[in-house]
file run26.txt (compact mmCIF, N, CA and C atoms)
# COMPACT_ATOMS: atom_id res chain seq x y z
N MET S 1 -5.59 16.85 7.57
CA MET S 1 -4.32 16.85 8.28
C MET S 1 -4.36 15.85 9.44
N ARG S 2 -5.49 15.77 10.12
CA ARG S 2 -5.62 14.86 11.25
C ARG S 2 -5.51 13.41 10.78
N TYR S 3 -6.06 13.13 9.59
CA TYR S 3 -6.00 11.78 9.02
C TYR S 3 -4.55 11.34 8.82
N ARG S 4 -3.71 12.25 8.35
CA ARG S 4 -2.30 11.91 8.13
C ARG S 4 -1.61 11.58 9.44
N GLY S 5 -1.95 12.28 10.50
CA GLY S 5 -1.35 12.01 11.81
C GLY S 5 -1.75 10.64 12.33
N VAL S 6 -3.01 10.29 12.14
CA VAL S 6 -3.50 8.98 12.57
C VAL S 6 -2.83 7.88 11.76
N MET S 7 -2.69 8.10 10.45
CA MET S 7 -2.06 7.10 9.60
C MET S 7 -0.58 6.91 9.97
N LYS S 8 0.10 7.99 10.30
CA LYS S 8 1.50 7.88 10.73
C LYS S 8 1.61 7.09 12.02
N LEU S 9 0.68 7.36 12.94
CA LEU S 9 0.69 6.67 14.23
C LEU S 9 0.40 5.18 14.04
N LEU S 10 -0.56 4.84 13.19
CA LEU S 10 -0.88 3.44 12.92
C LEU S 10 0.29 2.73 12.23
N THR S 11 0.96 3.42 11.31
CA THR S 11 2.11 2.84 10.63
C THR S 11 3.23 2.57 11.63
N LEU S 12 3.47 3.52 12.51
CA LEU S 12 4.49 3.36 13.54
C LEU S 12 4.16 2.17 14.44
N PHE S 13 2.91 2.06 14.83
CA PHE S 13 2.49 0.95 15.69
C PHE S 13 2.68 -0.38 14.97
N PHE S 14 2.29 -0.45 13.69
CA PHE S 14 2.45 -1.69 12.92
C PHE S 14 3.92 -2.09 12.82
N LEU S 15 4.77 -1.13 12.54
CA LEU S 15 6.21 -1.42 12.43
C LEU S 15 6.78 -1.88 13.77
N ALA S 16 6.37 -1.22 14.83
CA ALA S 16 6.85 -1.60 16.17
C ALA S 16 6.35 -2.98 16.54
N ALA S 17 5.09 -3.27 16.22
CA ALA S 17 4.51 -4.57 16.56
C ALA S 17 5.18 -5.69 15.78
N SER S 18 5.41 -5.48 14.48
CA SER S 18 6.03 -6.53 13.68
C SER S 18 7.49 -6.76 14.10
N THR S 19 8.17 -5.71 14.48
CA THR S 19 9.55 -5.85 14.97
C THR S 19 9.56 -6.58 16.31
N ALA S 20 8.63 -6.21 17.18
CA ALA S 20 8.55 -6.83 18.50
C ALA S 20 8.25 -8.32 18.39
N VAL S 21 7.35 -8.68 17.50
CA VAL S 21 7.00 -10.08 17.32
C VAL S 21 8.20 -10.87 16.81
N SER S 22 8.94 -10.30 15.89
CA SER S 22 10.09 -11.01 15.33
C SER S 22 11.20 -11.22 16.35
N PHE S 23 11.28 -10.37 17.36
CA PHE S 23 12.29 -10.52 18.40
C PHE S 23 11.73 -11.16 19.67
N GLY S 24 10.45 -11.53 19.65
CA GLY S 24 9.83 -12.19 20.80
C GLY S 24 9.52 -11.24 21.94
N LEU S 25 9.32 -9.97 21.65
CA LEU S 25 9.00 -8.99 22.68
C LEU S 25 7.49 -8.87 22.85
N ASP S 26 7.07 -8.46 24.02
CA ASP S 26 5.65 -8.22 24.28
C ASP S 26 5.28 -6.80 23.87
N ILE S 27 4.07 -6.64 23.35
CA ILE S 27 3.54 -5.33 23.00
C ILE S 27 2.96 -4.70 24.26
N PRO S 28 3.27 -3.43 24.53
CA PRO S 28 2.70 -2.78 25.70
C PRO S 28 1.18 -2.81 25.66
N SER S 29 0.58 -3.03 26.82
CA SER S 29 -0.88 -3.10 26.89
C SER S 29 -1.52 -1.76 27.20
N SER S 30 -0.72 -0.75 27.50
CA SER S 30 -1.24 0.57 27.83
C SER S 30 -0.44 1.64 27.10
N VAL S 31 -1.09 2.76 26.85
CA VAL S 31 -0.43 3.90 26.23
C VAL S 31 -0.66 5.10 27.13
N PHE S 32 0.41 5.80 27.44
CA PHE S 32 0.35 6.98 28.29
C PHE S 32 1.03 8.15 27.58
N THR S 33 0.59 9.34 27.87
CA THR S 33 1.27 10.53 27.38
C THR S 33 2.32 10.93 28.41
N MET S 34 3.19 11.86 28.05
CA MET S 34 4.22 12.30 28.99
C MET S 34 3.61 12.96 30.22
N ASP S 35 2.41 13.54 30.07
CA ASP S 35 1.72 14.13 31.22
C ASP S 35 1.32 13.07 32.24
N GLU S 36 1.23 11.82 31.79
CA GLU S 36 0.81 10.72 32.66
C GLU S 36 1.98 9.83 33.08
N LEU S 37 3.18 10.35 33.00
CA LEU S 37 4.38 9.56 33.27
C LEU S 37 4.39 8.96 34.67
N ASP S 38 3.98 9.72 35.68
CA ASP S 38 3.97 9.19 37.04
C ASP S 38 3.03 7.99 37.17
N GLU S 39 1.86 8.09 36.55
CA GLU S 39 0.91 6.98 36.56
C GLU S 39 1.50 5.75 35.86
N ALA S 40 2.18 5.98 34.73
CA ALA S 40 2.80 4.88 33.99
C ALA S 40 3.88 4.20 34.83
N LYS S 41 4.70 4.99 35.52
CA LYS S 41 5.74 4.43 36.37
C LYS S 41 5.14 3.58 37.49
N THR S 42 4.08 4.09 38.09
CA THR S 42 3.43 3.36 39.18
C THR S 42 2.88 2.03 38.70
N LYS S 43 2.16 2.05 37.58
CA LYS S 43 1.59 0.81 37.04
C LYS S 43 2.67 -0.18 36.65
N ALA S 44 3.73 0.30 36.02
CA ALA S 44 4.82 -0.58 35.62
C ALA S 44 5.50 -1.21 36.83
N SER S 45 5.69 -0.41 37.86
CA SER S 45 6.31 -0.92 39.08
C SER S 45 5.44 -1.97 39.75
N GLU S 46 4.12 -1.71 39.82
CA GLU S 46 3.19 -2.66 40.44
C GLU S 46 3.18 -3.99 39.68
N ARG S 47 3.28 -3.93 38.38
CA ARG S 47 3.22 -5.13 37.54
C ARG S 47 4.60 -5.71 37.25
N GLN S 48 5.64 -5.08 37.79
CA GLN S 48 7.03 -5.48 37.56
C GLN S 48 7.33 -5.56 36.06
N LYS S 49 6.94 -4.50 35.34
CA LYS S 49 7.15 -4.40 33.90
C LYS S 49 8.04 -3.21 33.60
N ALA S 50 8.69 -3.26 32.46
CA ALA S 50 9.52 -2.14 32.02
C ALA S 50 8.67 -1.11 31.28
N LEU S 51 9.14 0.13 31.24
CA LEU S 51 8.48 1.18 30.46
C LEU S 51 9.13 1.24 29.09
N CYS S 52 8.32 1.52 28.09
CA CYS S 52 8.80 1.65 26.73
C CYS S 52 8.40 3.03 26.22
N PHE S 53 9.36 3.83 25.77
CA PHE S 53 9.07 5.16 25.28
C PHE S 53 9.12 5.17 23.76
N ILE S 54 8.08 5.70 23.16
CA ILE S 54 8.04 5.93 21.72
C ILE S 54 7.68 7.39 21.52
N GLN S 55 8.60 8.15 20.97
CA GLN S 55 8.37 9.57 20.76
C GLN S 55 7.86 9.80 19.35
N THR S 56 6.77 10.55 19.25
CA THR S 56 6.22 10.92 17.95
C THR S 56 5.99 12.42 17.93
N SER S 57 5.76 12.94 16.76
CA SER S 57 5.42 14.36 16.65
C SER S 57 3.91 14.54 16.55
N SER S 58 3.17 13.47 16.77
CA SER S 58 1.71 13.50 16.68
C SER S 58 1.12 14.31 17.83
N LYS S 59 0.14 15.10 17.53
CA LYS S 59 -0.58 15.87 18.55
C LYS S 59 -1.93 15.21 18.85
N LEU S 60 -2.07 13.95 18.47
CA LEU S 60 -3.30 13.20 18.64
C LEU S 60 -3.60 13.03 20.12
N LYS S 61 -4.82 13.36 20.52
CA LYS S 61 -5.26 13.20 21.90
C LYS S 61 -5.75 11.77 22.10
N LEU S 62 -5.21 11.07 23.08
CA LEU S 62 -5.67 9.73 23.42
C LEU S 62 -6.72 9.85 24.50
N SER S 63 -7.82 9.16 24.31
CA SER S 63 -8.87 9.24 25.32
C SER S 63 -9.29 7.88 25.79
call {"tool": "encode", "arguments": {"input": "run26.txt", "output": "C-alpha cells"}}
result
Amino acid sequence: MRYRGVMKLLTLFFLAASTAVSFGLDIPSSVFTMDELDEAKTKASERQKALCFIQTSSKLKLS
C-alpha cells in the first residue's frame, strides 16, 4: 500500500514538473507539510518567492 502512495506522489510530481517546464515556471526547491506552513511562509518571504500548494491524499512522511 505504501508503494502505491509513493508512486502516486512521483506521478503527480512528474506531471507538475512537465507542465511547469512547458509554461516556463520554476519548480519549488522545498517541500513543506501543512504543519510547517509558518516556516514555509517565512522562507518564501525572505526569498521573495511565491508559495505553491499541492494537496494530496498521501500520508507519506517527508523527512
call {"tool": "atom_distance", "arguments": {"input": "run26.txt", "atom1": "atom C of Ala44 in chain S", "atom2": "atom C of Ser29 in chain S"}}
result
11.9 Å
call {"tool": "residues_around", "arguments": {"input": "run26.txt", "residues": "Lys41 in chain S", "least_positions_apart": "4", "cutoff": "9 Å", "atoms": "only C-alpha atoms", "output": "MDAnalysis selection string"}}
result
chainID S and resid 36:37 45:46 50:51
call {"tool": "write_last_selection", "arguments": {"input": "run26.txt", "atoms": "N, CA and C atoms", "output": "compact mmCIF listing (two decimals), keeping the file's coordinate frame"}}
result
# COMPACT_ATOMS: atom_id res chain seq x y z
N GLU S 36 1.23 11.82 31.79
CA GLU S 36 0.81 10.72 32.66
C GLU S 36 1.98 9.83 33.08
N LEU S 37 3.18 10.35 33.00
CA LEU S 37 4.38 9.56 33.27
C LEU S 37 4.39 8.96 34.67
N SER S 45 5.69 -0.41 37.86
CA SER S 45 6.31 -0.92 39.08
C SER S 45 5.44 -1.97 39.75
N GLU S 46 4.12 -1.71 39.82
CA GLU S 46 3.19 -2.66 40.44
C GLU S 46 3.18 -3.99 39.68
N ALA S 50 8.69 -3.26 32.46
CA ALA S 50 9.52 -2.14 32.02
C ALA S 50 8.67 -1.11 31.28
N LEU S 51 9.14 0.13 31.24
CA LEU S 51 8.48 1.18 30.46
C LEU S 51 9.13 1.24 29.09
call {"tool": "axis_aligned_box", "arguments": {"input": "run26.txt", "around": "range 2-17 of chain S", "padding_each_side": "4 Å", "output": "JSON"}}
result
{"center_x": 0.4, "center_y": 5.0, "center_z": 12.3, "size_x": 20.9, "size_y": 29.5, "size_z": 16.4}
call {"tool": "residues_around", "arguments": {"input": "run26.txt", "residues": "Phe32 in chain S", "least_positions_apart": "6", "cutoff": "12 Å", "atoms": "only C-alpha atoms", "output": "compact mmCIF listing (two decimals) with N, CA and C atoms, keeping the file's coordinate frame"}}
result
# COMPACT_ATOMS: atom_id res chain seq x y z
N ASP S 38 3.98 9.72 35.68
CA ASP S 38 3.97 9.19 37.04
C ASP S 38 3.03 7.99 37.17
N GLU S 39 1.86 8.09 36.55
CA GLU S 39 0.91 6.98 36.56
C GLU S 39 1.50 5.75 35.86
N ALA S 40 2.18 5.98 34.73
CA ALA S 40 2.80 4.88 33.99
C ALA S 40 3.88 4.20 34.83
N LYS S 41 4.70 4.99 35.52
CA LYS S 41 5.74 4.43 36.37
C LYS S 41 5.14 3.58 37.49
N THR S 42 4.08 4.09 38.09
CA THR S 42 3.43 3.36 39.18
C THR S 42 2.88 2.03 38.70
N LYS S 43 2.16 2.05 37.58
CA LYS S 43 1.59 0.81 37.04
C LYS S 43 2.67 -0.18 36.65
N ALA S 44 3.73 0.30 36.02
CA ALA S 44 4.82 -0.58 35.62
C ALA S 44 5.50 -1.21 36.83
N LEU S 51 9.14 0.13 31.24
CA LEU S 51 8.48 1.18 30.46
C LEU S 51 9.13 1.24 29.09
N CYS S 52 8.32 1.52 28.09
CA CYS S 52 8.80 1.65 26.73
C CYS S 52 8.40 3.03 26.22
N PHE S 53 9.36 3.83 25.77
CA PHE S 53 9.07 5.16 25.28
C PHE S 53 9.12 5.17 23.76
N ILE S 54 8.08 5.70 23.16
CA ILE S 54 8.04 5.93 21.72
C ILE S 54 7.68 7.39 21.52
N GLN S 55 8.60 8.15 20.97
CA GLN S 55 8.37 9.57 20.76
C GLN S 55 7.86 9.80 19.35
N LYS S 61 -4.82 13.36 20.52
CA LYS S 61 -5.26 13.20 21.90
C LYS S 61 -5.75 11.77 22.10
N LEU S 62 -5.21 11.07 23.08
CA LEU S 62 -5.67 9.73 23.42
C LEU S 62 -6.72 9.85 24.50
N SER S 63 -7.82 9.16 24.31
CA SER S 63 -8.87 9.24 25.32
C SER S 63 -9.29 7.88 25.79
call {"tool": "atom_distance", "arguments": {"input": "run26.txt", "atom1": "atom N of Val6 in chain S", "atom2": "atom C of Ser57 in chain S"}}
result
9.2 Å
call {"tool": "atom_distance", "arguments": {"input": "run26.txt", "atom1": "atom N of Gln48 in chain S", "atom2": "atom N of Phe14 in chain S"}}
result
24.8 Å
call {"tool": "residues_around", "arguments": {"input": "run26.txt", "residues": "Thr56 in chain S", "least_positions_apart": "2", "cutoff": "12 Å", "atoms": "only C-alpha atoms", "output": "number ranges by chain"}}
result
S: 5-6, 8-13, 33-34, 53-54, 58-60
